[in-house]
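Participant: Hey, dropping query.csv in here, CSV, C-alpha atoms:
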```csv
chain,number,residue,atom,x,y,z
T,195,MET,CA,-26.8,51.0,16.6
T,196,ASN,CA,-30.5,50.2,16.9
T,197,ASP,CA,-30.2,46.6,18.1
T,198,THR,CA,-31.8,46.1,21.5
T,199,THR,CA,-28.8,44.1,22.6
T,200,SER,CA,-26.4,47.0,22.0
T,201,LEU,CA,-23.7,48.3,24.3
T,202,PRO,CA,-25.1,49.8,27.5
T,203,GLU,CA,-25.0,53.5,28.1
T,204,LYS,CA,-23.7,54.9,31.4
T,205,ASP,CA,-26.0,57.7,32.6
T,206,LEU,CA,-24.0,60.8,32.9
T,207,PRO,CA,-25.1,63.8,35.0
T,208,PRO,CA,-25.9,67.1,33.1
T,209,GLY,CA,-22.8,68.8,31.9
T,210,ARG,CA,-20.6,65.7,32.4
T,211,HIS,CA,-19.8,65.4,28.7
T,212,GLN,CA,-18.3,68.9,28.7
T,213,GLN,CA,-16.0,67.9,31.6
T,214,ILE,CA,-14.6,64.9,29.7
T,215,LYS,CA,-10.9,65.5,29.0
T,216,GLU,CA,-7.7,63.6,29.4
T,217,HIS,CA,-6.2,64.3,32.8
T,218,LEU,CA,-4.3,61.1,33.3
T,219,MET,CA,-3.5,59.5,30.0
T,220,ARG,CA,-4.1,60.1,26.3
T,221,GLU,CA,-5.6,63.4,25.3
T,222,ILE,CA,-9.1,62.6,24.1
T,223,ARG,CA,-11.2,65.4,22.6
T,224,HIS,CA,-14.8,65.3,21.2
T,225,GLU,CA,-14.5,66.4,17.6
T,226,HIS,CA,-17.9,67.1,15.9
T,227,ALA,CA,-18.4,66.4,12.2
T,228,PRO,CA,-19.5,69.3,10.0
T,229,THR,CA,-23.2,69.8,9.6
T,230,GLY,CA,-24.6,67.6,6.9
T,231,SER,CA,-21.4,65.6,6.6
T,232,ARG,CA,-21.2,61.9,7.1
T,233,SER,CA,-17.6,61.5,6.0
T,234,ARG,CA,-16.2,62.4,9.4
T,235,ARG,CA,-17.2,60.3,12.3
T,236,ALA,CA,-16.6,61.1,16.0
T,237,PRO,CA,-14.1,58.7,17.7
T,238,TRP,CA,-15.4,56.2,20.2
T,239,LEU,CA,-14.0,57.3,23.6
T,240,ARG,CA,-12.9,54.9,26.2
T,241,PRO,CA,-13.7,55.5,29.9
T,242,VAL,CA,-11.1,58.0,31.2
T,243,VAL,CA,-10.4,59.3,34.7
T,244,VAL,CA,-11.3,63.0,34.9
T,245,GLY,CA,-10.2,64.8,38.1
T,246,PRO,CA,-10.9,66.6,40.3
T,247,VAL,CA,-13.2,64.5,42.5
T,248,ALA,CA,-16.0,67.0,41.9
T,249,ALA,CA,-15.9,66.2,38.2
T,250,GLY,CA,-16.2,62.4,38.8
T,251,ALA,CA,-14.0,59.4,38.4
T,252,LEU,CA,-15.1,58.1,35.1
T,253,ALA,CA,-17.0,59.1,32.0
T,254,LEU,CA,-17.9,57.2,28.8
T,255,ALA,CA,-18.6,59.6,25.9
T,256,VAL,CA,-21.5,58.4,23.7
T,257,LEU,CA,-21.1,60.1,20.4
T,258,ALA,CA,-23.0,60.6,17.1
T,259,GLY,CA,-26.4,60.0,18.7
T,260,VAL,CA,-25.5,56.4,19.3
T,261,SER,CA,-27.5,54.6,22.0
T,262,LEU,CA,-25.6,52.1,23.9
T,263,ASN,CA,-27.9,50.1,26.1
T,264,GLY,CA,-28.8,46.6,27.2
T,265,THR,CA,-27.3,43.8,29.3
T,266,ASP,CA,-25.9,40.4,28.8
T,267,ASN,CA,-24.3,37.5,30.7
T,268,PRO,CA,-20.5,38.1,30.1
T,269,GLY,CA,-19.9,34.4,30.6
T,270,ARG,CA,-21.8,33.5,27.4
T,271,THR,CA,-19.6,32.8,24.4
T,272,ILE,CA,-20.3,35.3,21.6
T,273,GLY,CA,-18.1,36.5,18.8
T,274,ARG,CA,-16.8,34.6,15.8
T,275,ALA,CA,-13.7,32.4,15.8
T,276,GLY,CA,-10.5,33.6,14.2
T,277,PRO,CA,-7.0,34.7,15.0
T,278,ALA,CA,-6.5,37.3,17.7
T,279,THR,CA,-5.3,40.6,16.2
T,280,SER,CA,-4.9,44.2,17.3
T,281,ALA,CA,-8.4,44.8,16.0
T,282,PHE,CA,-10.3,41.7,17.0
T,283,ALA,CA,-10.7,39.4,20.0
T,284,PRO,CA,-12.1,36.0,18.9
T,285,GLN,CA,-14.8,34.3,21.0
T,286,VAL,CA,-15.0,37.3,23.3
T,287,ASN,CA,-16.7,36.3,26.6
T,288,GLY,CA,-15.6,32.7,26.1
T,289,ASP,CA,-11.9,33.6,26.3
T,290,THR,CA,-11.6,34.5,30.0
T,291,THR,CA,-10.1,32.4,32.8
T,292,GLY,CA,-9.6,32.8,36.5
T,293,GLY,CA,-6.3,33.3,38.3
T,294,ALA,CA,-6.1,37.1,38.0
T,295,ALA,CA,-5.0,37.6,41.6
T,296,ASP,CA,-2.2,35.1,41.3
T,297,LEU,CA,-1.1,36.7,38.0
T,298,LEU,CA,-1.2,40.2,39.4
T,299,ASN,CA,0.9,39.2,42.4
T,300,ARG,CA,3.5,37.7,40.1
T,301,ILE,CA,3.5,40.9,38.1
T,302,ALA,CA,3.9,42.8,41.3
T,303,MET,CA,7.0,40.8,42.1
T,304,VAL,CA,8.5,41.7,38.8
T,305,ALA,CA,7.7,45.4,39.3
T,306,ALA,CA,9.4,45.3,42.7
T,307,GLU,CA,12.6,43.9,41.3
T,308,SER,CA,12.9,46.4,38.4
T,309,HIS,CA,15.4,49.1,38.7
T,310,ALA,CA,14.3,52.7,39.4
T,311,VAL,CA,15.7,55.4,37.1
T,312,GLU,CA,18.2,57.4,39.1
T,313,GLY,CA,18.8,61.1,39.2
T,314,ILE,CA,15.5,62.3,37.6
T,315,ARG,CA,15.3,66.1,37.9
T,316,ASP,CA,12.1,68.1,38.3
T,317,ASP,CA,12.9,70.1,35.2
T,318,GLN,CA,13.0,67.0,33.0
T,319,TYR,CA,10.2,65.2,31.1
T,320,ILE,CA,8.9,61.6,30.9
T,321,TYR,CA,8.8,60.7,27.2
T,322,VAL,CA,6.4,57.9,26.2
T,323,ARG,CA,6.3,56.6,22.6
T,324,SER,CA,3.3,54.4,21.8
T,325,ARG,CA,1.2,53.1,19.0
T,326,VAL,CA,-2.5,53.8,19.3
T,327,ALA,CA,-5.9,53.6,17.6
T,328,SER,CA,-9.5,54.2,18.5
T,329,ALA,CA,-12.7,53.1,16.8
T,330,THR,CA,-15.1,55.5,15.1
T,331,VAL,CA,-18.8,55.0,15.4
T,332,GLY,CA,-21.7,56.4,13.4
T,333,GLU,CA,-25.3,55.5,13.1
T,334,GLY,CA,-25.8,53.2,10.2
T,335,ILE,CA,-22.1,53.2,9.5
T,336,PRO,CA,-19.9,50.1,10.2
T,337,THR,CA,-17.6,50.7,13.1
T,338,THR,CA,-14.0,50.5,12.2
T,339,LEU,CA,-10.8,50.9,14.1
T,340,ALA,CA,-8.8,53.9,12.8
T,341,PRO,CA,-5.4,53.2,11.4
T,342,LEU,CA,-2.7,52.3,14.0
T,343,HIS,CA,-0.4,55.3,14.3
T,344,LEU,CA,2.4,56.6,16.5
T,345,ARG,CA,1.8,58.8,19.5
T,346,GLU,CA,4.5,60.6,21.5
T,347,ALA,CA,4.0,62.4,24.8
T,348,TRP,CA,6.2,64.5,27.0
T,349,ARG,CA,5.1,65.1,30.6
T,350,ALA,CA,6.9,67.2,33.1
T,351,VAL,CA,8.5,65.2,35.9
T,352,ASP,CA,6.9,67.3,38.6
T,353,GLY,CA,3.8,68.2,36.6
T,354,SER,CA,4.4,71.9,37.1
T,355,ARG,CA,4.9,72.8,33.4
T,356,PRO,CA,2.9,72.0,30.3
T,357,GLY,CA,3.9,69.0,28.2
T,358,LEU,CA,3.4,68.1,24.6
T,359,SER,CA,1.8,65.3,22.5
T,360,ARG,CA,2.4,64.4,18.9
T,361,GLU,CA,0.0,62.1,17.1
T,362,PRO,CA,0.4,62.6,13.3
T,363,GLY,CA,-2.0,59.8,12.4
T,364,ARG,CA,-4.8,61.1,14.6
T,365,PRO,CA,-8.0,60.9,12.6
T,366,PHE,CA,-9.4,64.2,13.8
T,367,GLY,CA,-7.9,67.4,15.3
T,368,ALA,CA,-4.4,68.8,15.4
T,369,ALA,CA,-1.5,66.3,15.2
T,370,GLU,CA,0.4,68.3,17.9
T,371,GLN,CA,-1.3,69.4,21.1
T,372,PRO,CA,-0.2,70.8,24.5
T,373,ILE,CA,-0.6,68.6,27.6
T,374,GLU,CA,-1.8,70.6,30.5
T,375,ALA,CA,0.4,70.9,33.6
T,376,ASP,CA,-1.1,68.6,36.3
T,377,ALA,CA,0.5,69.7,39.5
T,378,ARG,CA,0.4,73.3,40.4
T,379,PRO,CA,1.4,73.5,44.1
T,380,GLY,CA,-1.5,74.6,46.2
T,381,GLU,CA,-4.1,74.6,43.4
T,382,LEU,CA,-5.0,70.9,42.9
T,383,GLY,CA,-7.2,69.2,45.4
T,384,TYR,CA,-7.4,65.8,43.8
T,385,GLU,CA,-5.0,62.8,43.8
T,386,SER,CA,-5.3,61.5,40.2
T,387,THR,CA,-2.2,63.1,38.6
T,388,THR,CA,0.4,61.0,36.8
T,389,ASN,CA,3.4,63.1,36.9
T,390,TYR,CA,6.4,61.1,38.2
T,391,ARG,CA,6.9,63.1,41.5
T,392,HIS,CA,3.3,62.5,42.5
T,393,LEU,CA,3.4,58.9,41.6
T,394,SER,CA,6.4,58.6,43.8
T,395,THR,CA,4.3,59.8,46.8
T,396,LEU,CA,1.7,57.1,46.4
T,397,PRO,CA,1.4,54.3,49.0
T,398,THR,CA,3.9,51.4,48.8
T,399,ASP,CA,1.9,49.4,51.4
T,400,LEU,CA,-0.7,47.0,50.0
T,401,ASP,CA,-3.5,48.0,52.3
T,402,ALA,CA,-2.8,51.7,52.0
T,403,MET,CA,-2.7,51.5,48.2
T,404,TYR,CA,-6.0,49.6,48.1
T,405,ARG,CA,-7.6,52.2,50.3
T,406,TRP,CA,-6.2,55.0,48.2
T,407,LEU,CA,-7.5,53.5,44.9
T,408,ARG,CA,-11.0,53.2,46.3
T,409,ALA,CA,-10.9,56.6,47.9
T,410,GLN,CA,-10.5,58.2,44.4
T,411,GLY,CA,-14.0,57.3,43.3
T,412,ASP,CA,-16.6,60.0,42.9
T,413,LYS,CA,-18.6,59.8,46.2
T,414,ASP,CA,-20.9,62.6,45.0
T,415,GLY,CA,-21.6,61.0,41.5
T,416,GLY,CA,-24.7,59.0,42.4
T,417,ASP,CA,-24.7,55.3,42.1
T,418,ARG,CA,-21.0,54.6,41.8
T,419,ASN,CA,-19.2,51.2,41.6
T,420,LEU,CA,-15.9,51.7,43.5
T,421,ASP,CA,-14.5,48.4,42.2
T,422,GLN,CA,-14.9,49.6,38.6
T,423,ASP,CA,-13.6,53.0,39.4
T,424,ALA,CA,-10.5,51.4,41.0
T,425,PHE,CA,-9.8,49.2,38.0
T,426,VAL,CA,-10.0,52.1,35.5
T,427,LEU,CA,-7.8,54.2,37.7
T,428,VAL,CA,-5.1,51.4,37.7
T,429,SER,CA,-5.4,51.4,33.9
T,430,SER,CA,-5.1,55.1,33.7
T,431,LEU,CA,-2.1,55.3,36.0
T,432,LEU,CA,-0.2,52.9,33.8
T,433,ARG,CA,-1.2,54.2,30.4
T,434,GLU,CA,1.4,57.0,29.8
T,435,SER,CA,3.7,57.2,32.8
T,436,MET,CA,6.9,56.0,34.4
T,437,MET,CA,5.9,54.1,37.5
T,438,PRO,CA,8.3,53.9,40.5
T,439,PRO,CA,9.0,50.2,41.1
T,440,ASN,CA,7.8,50.0,44.7
T,441,VAL,CA,4.6,52.0,43.9
T,442,GLY,CA,4.0,49.8,40.9
T,443,ALA,CA,4.3,46.7,43.0
T,444,ALA,CA,1.8,48.0,45.5
T,445,LEU,CA,-0.5,49.0,42.7
T,446,TYR,CA,-0.6,45.5,41.2
T,447,ARG,CA,-1.0,43.9,44.5
T,448,ALA,CA,-3.9,46.2,45.3
T,449,ALA,CA,-5.4,45.5,41.9
T,450,ALA,CA,-5.4,41.8,42.8
T,451,ARG,CA,-8.0,42.6,45.5
T,452,ILE,CA,-10.5,44.2,43.0
T,453,PRO,CA,-13.4,41.8,42.6
T,454,ASP,CA,-14.5,40.4,39.2
T,455,VAL,CA,-11.1,40.7,37.5
T,456,LEU,CA,-10.3,37.9,35.0
T,457,VAL,CA,-7.5,36.8,32.7
T,458,VAL,CA,-7.5,36.6,28.9
T,459,PRO,CA,-4.6,34.3,27.9
T,460,ASP,CA,-4.1,35.8,24.4
T,461,ALA,CA,-4.5,39.6,24.0
T,462,VAL,CA,-2.9,41.7,21.2
T,463,THR,CA,-1.5,45.2,21.6
T,464,ALA,CA,-1.5,47.9,19.0
T,465,ALA,CA,2.0,46.8,18.0
T,466,ASP,CA,0.6,43.3,17.1
T,467,ARG,CA,2.4,41.9,20.1
T,468,HIS,CA,0.7,39.0,21.9
T,469,GLY,CA,0.5,39.0,25.6
T,470,ILE,CA,-1.7,38.0,28.6
T,471,ALA,CA,-4.3,40.4,29.8
T,472,ILE,CA,-5.9,41.3,33.1
T,473,VAL,CA,-9.5,42.3,32.3
T,474,ARG,CA,-12.7,43.5,33.8
T,475,TYR,CA,-16.2,43.9,32.3
T,476,ASP,CA,-17.2,47.5,32.7
T,477,SER,CA,-19.8,47.7,35.5
T,478,TYR,CA,-21.4,50.8,34.0
T,479,ASN,CA,-21.1,49.5,30.4
T,480,PRO,CA,-21.4,45.7,30.4
T,481,GLY,CA,-20.9,45.7,26.6
T,482,VAL,CA,-17.3,46.8,27.1
T,483,ARG,CA,-14.3,44.9,28.5
T,484,ASP,CA,-11.2,46.8,29.5
T,485,GLU,CA,-7.9,45.0,29.3
T,486,LEU,CA,-4.3,45.6,30.7
T,487,ILE,CA,-1.8,43.6,28.6
T,488,PHE,CA,1.5,42.2,29.9
T,489,ASP,CA,4.3,40.3,28.2
T,490,LYS,CA,3.8,36.6,28.8
T,491,ASP,CA,7.5,36.0,29.6
T,492,THR,CA,8.7,39.2,31.4
T,493,LEU,CA,5.2,40.1,32.9
T,494,ARG,CA,5.9,43.8,32.1
T,495,TYR,CA,3.1,46.1,31.0
T,496,ILE,CA,3.0,46.5,27.2
T,497,GLY,CA,-0.4,48.0,26.4
T,498,SER,CA,-4.1,48.1,26.8
T,499,ARG,CA,-7.3,47.7,24.8
T,500,SER,CA,-11.1,48.0,25.2
T,501,VAL,CA,-13.2,45.3,23.5
T,502,ALA,CA,-16.9,45.3,22.5
T,503,THR,CA,-18.5,42.2,24.1
T,504,LYS,CA,-21.9,42.6,22.4
T,505,ALA,CA,-22.9,42.7,18.8
T,506,THR,CA,-25.0,45.6,17.5
T,507,ASP,CA,-26.0,46.7,14.1
T,508,SER,CA,-22.7,48.4,13.6
T,509,ILE,CA,-20.3,46.7,16.1
T,510,GLU,CA,-19.2,43.1,16.0
T,511,ALA,CA,-18.7,41.2,19.3
T,512,GLY,CA,-15.0,41.0,19.8
T,513,GLN,CA,-14.2,44.2,17.9
T,514,VAL,CA,-11.5,46.3,19.5
T,515,LEU,CA,-12.6,49.8,20.3
T,516,ASP,CA,-9.4,51.3,21.6
T,517,THR,CA,-5.9,49.9,21.6
T,518,THR,CA,-2.4,51.0,22.7
T,519,ALA,CA,1.1,49.6,22.8
T,520,VAL,CA,3.9,51.1,24.9
T,521,LEU,CA,7.0,51.2,22.8
T,522,GLU,CA,9.4,53.3,24.8
T,523,THR,CA,9.5,55.2,28.2
T,524,VAL,CA,12.5,57.3,29.0
T,525,VAL,CA,13.5,60.6,30.6
T,526,VAL,CA,14.5,63.6,28.4
T,527,ASP,CA,15.4,67.2,29.1
T,528,ARG,CA,12.6,69.1,27.2
T,529,PRO,CA,9.3,68.6,25.4
T,530,GLY,CA,9.9,67.6,21.8
T,531,MET,CA,13.3,66.1,22.6
T,532,LEU,CA,13.9,62.5,21.4
T,533,PRO,CA,16.0,59.9,23.2
```
Render the structure in this file as structure tokens.
Facilitator:
Amino acid sequence: MNDTTSLPEKDLPPGRHQQIKEHLMREIRHEHAPTGSRSRRAPWLRPVVVGPVAAGALALAVLAGVSLNGTDNPGRTIGRAGPATSAFAPQVNGDTTGGAADLLNRIAMVAAESHAVEGIRDDQYIYVRSRVASATVGEGIPTTLAPLHLREAWRAVDGSRPGLSREPGRPFGAAEQPIEADARPGELGYESTTNYRHLSTLPTDLDAMYRWLRAQGDKDGGDRNLDQDAFVLVSSLLRESMMPPNVGAALYRAAARIPDVLVVPDAVTAADRHGIAIVRYDSYNPGVRDELIFDKDTLRYIGSRSVATKATDSIEAGQVLDTTAVLETVVVDRPGMLP
């Protein structure tokens, strides 16, 4: 990507790339191509929340020596016309509307009225089956979205035991990987875990939830944007979890207060399911737009995607860089067990 209007790079402190790992949602690992090989390309990594606070709230991995820099007016229409698909968002930047706060408040009402799963035990696991894909990037090589494939994740209800992920279509790395325990009593000093028991302790009051979201930003990370940090945290909390209804309602209402959040009326998940999206242009990376997708009728969360909003020599404006679709979320008794 040598175009001067390329995607912007977020400046990471020394050593931050080594700290990037999944702690909230999908396991994302930096896989290097063999020396001299151009057949394997490192996957584009979406911003992920990485606790604890000392490690920072967000990190965007810039791989394969690709420079992502530049700025643009996100309101300017760029990107070709065409049908919306799981791999492409037509007329990106010209497809947004207002009304995000109203939509999020309606989504919150639906969440509040949903039924909580009764009798969940600490020794059980939250099983999430999803369809996923991430783009690969390489200098001088066209950026393409990897084949859509199934991902399964088992996470301990109380976070005290390791879980398991299976992703047989994963382009690089092992298809089966452990998921680290994320709640060892007395050891963790951060609040960004997504095990069910911890989510159940989050604020159910709107003001308290909004304060909590903004408090998770990395205060020691330099020039932070707490609005962006809060939006990505909302996305991460939803991505592979079971959200208690009252907590989910507060989360959506708090998200309605985040500035610069917009609506995309037609967004497509990794399951090729059309929905309506709540979106925000990344404050650190203005060439990327993060989207939370909801069913147009039920207003239930069905997936997410990240979209390139700027054309480069190897990325087309409107190209989807990361996409997910939630297919099933249930409680099971052990990792590897299917419903």
Participant: So the first atom is atom CA of Gly497 of chain T and the second is atom CA of Ala402 of chain T; what is the distance between them in Å, to one decimal place?
Facilitator: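 Computed distance, atom CA of Gly497 of chain T to atom CA of Ala402 of chain T, equals 26.0 Å.
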Participant: Tell me, counting all atoms listed in the file, for each residue of segment 343-421 of chain T within 12 Å of segment 527-530 of chain T, which pair of atoms is nearest and how far apart they are in Å to one decimal, in rows ordered by chain and increasing number, as JSON lines.
Facilitator:
```
{"residue": "T:Glu346", "atom": "CA", "partner": "T:Gly530", "partner_atom": "CA", "distance": 8.8}
{"residue": "T:Ala347", "atom": "CA", "partner": "T:Pro529", "partner_atom": "CA", "distance": 8.2}
{"residue": "T:Trp348", "atom": "CA", "partner": "T:Pro529", "partner_atom": "CA", "distance": 5.4}
{"residue": "T:Arg349", "atom": "CA", "partner": "T:Pro529", "partner_atom": "CA", "distance": 7.5}
{"residue": "T:Ala350", "atom": "CA", "partner": "T:Pro529", "partner_atom": "CA", "distance": 8.2}
{"residue": "T:Val351", "atom": "CA", "partner": "T:Asp527", "partner_atom": "CA", "distance": 9.9}
{"residue": "T:Arg355", "atom": "CA", "partner": "T:Pro529", "partner_atom": "CA", "distance": 10.0}
{"residue": "T:Pro356", "atom": "CA", "partner": "T:Pro529", "partner_atom": "CA", "distance": 8.7}
{"residue": "T:Gly357", "atom": "CA", "partner": "T:Pro529", "partner_atom": "CA", "distance": 6.1}
{"residue": "T:Leu358", "atom": "CA", "partner": "T:Pro529", "partner_atom": "CA", "distance": 6.0}
{"residue": "T:Ser359", "atom": "CA", "partner": "T:Gly530", "partner_atom": "CA", "distance": 8.4}
{"residue": "T:Arg360", "atom": "CA", "partner": "T:Gly530", "partner_atom": "CA", "distance": 8.7}
{"residue": "T:Glu370", "atom": "CA", "partner": "T:Gly530", "partner_atom": "CA", "distance": 10.3}
{"residue": "T:Gln371", "atom": "CA", "partner": "T:Gly530", "partner_atom": "CA", "distance": 11.4}
{"residue": "T:Pro372", "atom": "CA", "partner": "T:Pro529", "partner_atom": "CA", "distance": 9.8}
{"residue": "T:Ile373", "atom": "CA", "partner": "T:Pro529", "partner_atom": "CA", "distance": 10.1}
```
Participant: Excluding Leu456 of chain T and its own-chain neighbours fewer than 5 positions away, which residues fall within 9 Å of it when counting all atoms listed in the file? Please give them as a list in words.
Facilitator: Thr290, Thr291, Gly292, Gly293, Ala294, Ala295, Ala471, Ile472, Val473, Arg474 and Tyr475 of chain T
Participant: At what distance in Å, to one decimal, does atom CA of Leu297 of chain T lie from atom CA of Glu510 of chain T?
Facilitator: 29.2 Å
Participant: So how many Å separate atom CA of Ala461 of chain T and atom CA of Ile320 of chain T, to one decimal?
Facilitator: 26.7 Å
Participant: Calculated over all atoms listed in the file, which of the candidates T:Gln422, T:Thr338, T:Gln318, T:Gln410 has the smallest distance to Pro480 of chain T?
Facilitator: T:Gln422
Participant: Here is a test: counting only C-alpha atoms, which residue of T:Thr506, T:Thr492, T:Ser280, T:Thr523 is nearest to Val326 of chain T?
Facilitator: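 Closest to Val326 of chain T, using only C-alpha atoms: T:Ser280.
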Participant: Mind checking which residues fall within 9 Å of segment 309-313 of chain T, counting all atoms listed in the file, ignoring those fewer than 6 positions away in the same chain, and posting them as a list in words?
Facilitator: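 Final neighbour list, sorted by chain and number: Met437, Pro438, Pro439, Asn440, Val524 and Val525 of chain T.
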Participant: Quick one: write out the picked residues with C-alpha atoms as a PDB file, keeping the file's coordinate frame?
Facilitator:
```
ATOM      1  CA  MET T 437       5.900  54.100  37.500  1.00  0.00           C
ATOM      2  CA  PRO T 438       8.300  53.900  40.500  1.00  0.00           C
ATOM      3  CA  PRO T 439       9.000  50.200  41.100  1.00  0.00           C
ATOM      4  CA  ASN T 440       7.800  50.000  44.700  1.00  0.00           C
ATOM      5  CA  VAL T 524      12.500  57.300  29.000  1.00  0.00           C
ATOM      6  CA  VAL T 525      13.500  60.600  30.600  1.00  0.00           C
TER       7      VAL T 525
END
```
Participant: Out of T:Phe488, T:Tyr478, T:Tyr321, T:Tyr446, which residue has the shortest atom-to-atom distance to Val458 of chain T when counting all atoms listed in the file?
Facilitator: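 Looking only at the distances to Val458 of chain T, the closest residue turns out to be T:Phe488.
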Participant: In the coordinates of the file, take the point (1.6, 49.4, 23.4) and a cut-off of 7 Å; then, counting all atoms listed in the file, name each qualifying protein, DNA or RNA residue as a list of chain:residue names.
Facilitator: T:Ser324, T:Arg325, T:Thr463, T:Ala464, T:Ala465, T:Ile496, T:Gly497, T:Ser498, T:Thr518, T:Ala519, T:Val520, T:Leu521
Participant: I'd like to know which of T:Gly332, T:Ile487, T:Met436, T:His343 is closest to Val457 of chain T, using only C-alpha atoms.
Facilitator: T:Ile487
Participant: Add whatever atoms are absent from segment 351-369 of chain T to reach N, CA and C atoms, and provide the output as a PDB file, keeping the file's coordinate frame.
Facilitator:
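Written file, result01.pdb:
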```pdb
ATOM      1  N   VAL T 351       8.218  66.070  34.765  1.00  0.00           N
ATOM      2  CA  VAL T 351       8.500  65.200  35.900  1.00  0.00           C
ATOM      3  C   VAL T 351       7.672  65.551  37.110  1.00  0.00           C
ATOM      4  N   ASP T 352       7.635  66.843  37.415  1.00  0.00           N
ATOM      5  CA  ASP T 352       6.900  67.300  38.600  1.00  0.00           C
ATOM      6  C   ASP T 352       5.520  67.829  38.274  1.00  0.00           C
ATOM      7  N   GLY T 353       5.124  67.783  37.009  1.00  0.00           N
ATOM      8  CA  GLY T 353       3.800  68.200  36.600  1.00  0.00           C
ATOM      9  C   GLY T 353       3.566  69.711  36.648  1.00  0.00           C
ATOM     10  N   SER T 354       4.606  70.500  36.887  1.00  0.00           N
ATOM     11  CA  SER T 354       4.400  71.900  37.100  1.00  0.00           C
ATOM     12  C   SER T 354       4.413  72.718  35.760  1.00  0.00           C
ATOM     13  N   ARG T 355       4.824  72.077  34.662  1.00  0.00           N
ATOM     14  CA  ARG T 355       4.900  72.800  33.400  1.00  0.00           C
ATOM     15  C   ARG T 355       4.109  71.995  32.330  1.00  0.00           C
ATOM     16  N   PRO T 356       3.599  72.687  31.315  1.00  0.00           N
ATOM     17  CA  PRO T 356       2.900  72.000  30.300  1.00  0.00           C
ATOM     18  C   PRO T 356       3.783  71.003  29.525  1.00  0.00           C
ATOM     19  N   GLY T 357       3.196  69.952  29.014  1.00  0.00           N
ATOM     20  CA  GLY T 357       3.900  69.000  28.200  1.00  0.00           C
ATOM     21  C   GLY T 357       3.469  69.111  26.746  1.00  0.00           C
ATOM     22  N   LEU T 358       3.691  68.040  25.995  1.00  0.00           N
ATOM     23  CA  LEU T 358       3.400  68.100  24.600  1.00  0.00           C
ATOM     24  C   LEU T 358       3.054  66.672  24.103  1.00  0.00           C
ATOM     25  N   SER T 359       2.114  66.598  23.161  1.00  0.00           N
ATOM     26  CA  SER T 359       1.800  65.300  22.500  1.00  0.00           C
ATOM     27  C   SER T 359       1.861  65.488  21.015  1.00  0.00           C
ATOM     28  N   ARG T 360       2.352  64.467  20.343  1.00  0.00           N
ATOM     29  CA  ARG T 360       2.400  64.400  18.900  1.00  0.00           C
ATOM     30  C   ARG T 360       1.729  63.139  18.429  1.00  0.00           C
ATOM     31  N   GLU T 361       0.756  63.267  17.555  1.00  0.00           N
ATOM     32  CA  GLU T 361       0.000  62.100  17.100  1.00  0.00           C
ATOM     33  C   GLU T 361      -0.329  62.344  15.604  1.00  0.00           C
ATOM     34  N   PRO T 362       0.665  62.228  14.724  1.00  0.00           N
ATOM     35  CA  PRO T 362       0.400  62.600  13.300  1.00  0.00           C
ATOM     36  C   PRO T 362      -0.616  61.792  12.608  1.00  0.00           C
ATOM     37  N   GLY T 363      -0.937  60.604  13.080  1.00  0.00           N
ATOM     38  CA  GLY T 363      -2.000  59.800  12.400  1.00  0.00           C
ATOM     39  C   GLY T 363      -3.341  59.973  13.039  1.00  0.00           C
ATOM     40  N   ARG T 364      -3.489  60.945  13.928  1.00  0.00           N
ATOM     41  CA  ARG T 364      -4.800  61.100  14.600  1.00  0.00           C
ATOM     42  C   ARG T 364      -5.859  61.464  13.589  1.00  0.00           C
ATOM     43  N   PRO T 365      -6.989  60.725  13.635  1.00  0.00           N
ATOM     44  CA  PRO T 365      -8.000  60.900  12.600  1.00  0.00           C
ATOM     45  C   PRO T 365      -8.605  62.328  12.596  1.00  0.00           C
ATOM     46  N   PHE T 366      -8.809  62.932  13.759  1.00  0.00           N
ATOM     47  CA  PHE T 366      -9.400  64.200  13.800  1.00  0.00           C
ATOM     48  C   PHE T 366      -8.586  65.138  14.738  1.00  0.00           C
ATOM     49  N   GLY T 367      -8.602  66.426  14.462  1.00  0.00           N
ATOM     50  CA  GLY T 367      -7.900  67.400  15.300  1.00  0.00           C
ATOM     51  C   GLY T 367      -6.452  67.536  14.968  1.00  0.00           C
ATOM     52  N   ALA T 368      -5.807  68.468  15.640  1.00  0.00           N
ATOM     53  CA  ALA T 368      -4.400  68.800  15.400  1.00  0.00           C
ATOM     54  C   ALA T 368      -3.505  67.612  15.746  1.00  0.00           C
ATOM     55  N   ALA T 369      -2.445  67.421  14.949  1.00  0.00           N
ATOM     56  CA  ALA T 369      -1.500  66.300  15.200  1.00  0.00           C
ATOM     57  C   ALA T 369      -0.629  66.634  16.424  1.00  0.00           C
TER      58      ALA T 369
END
```
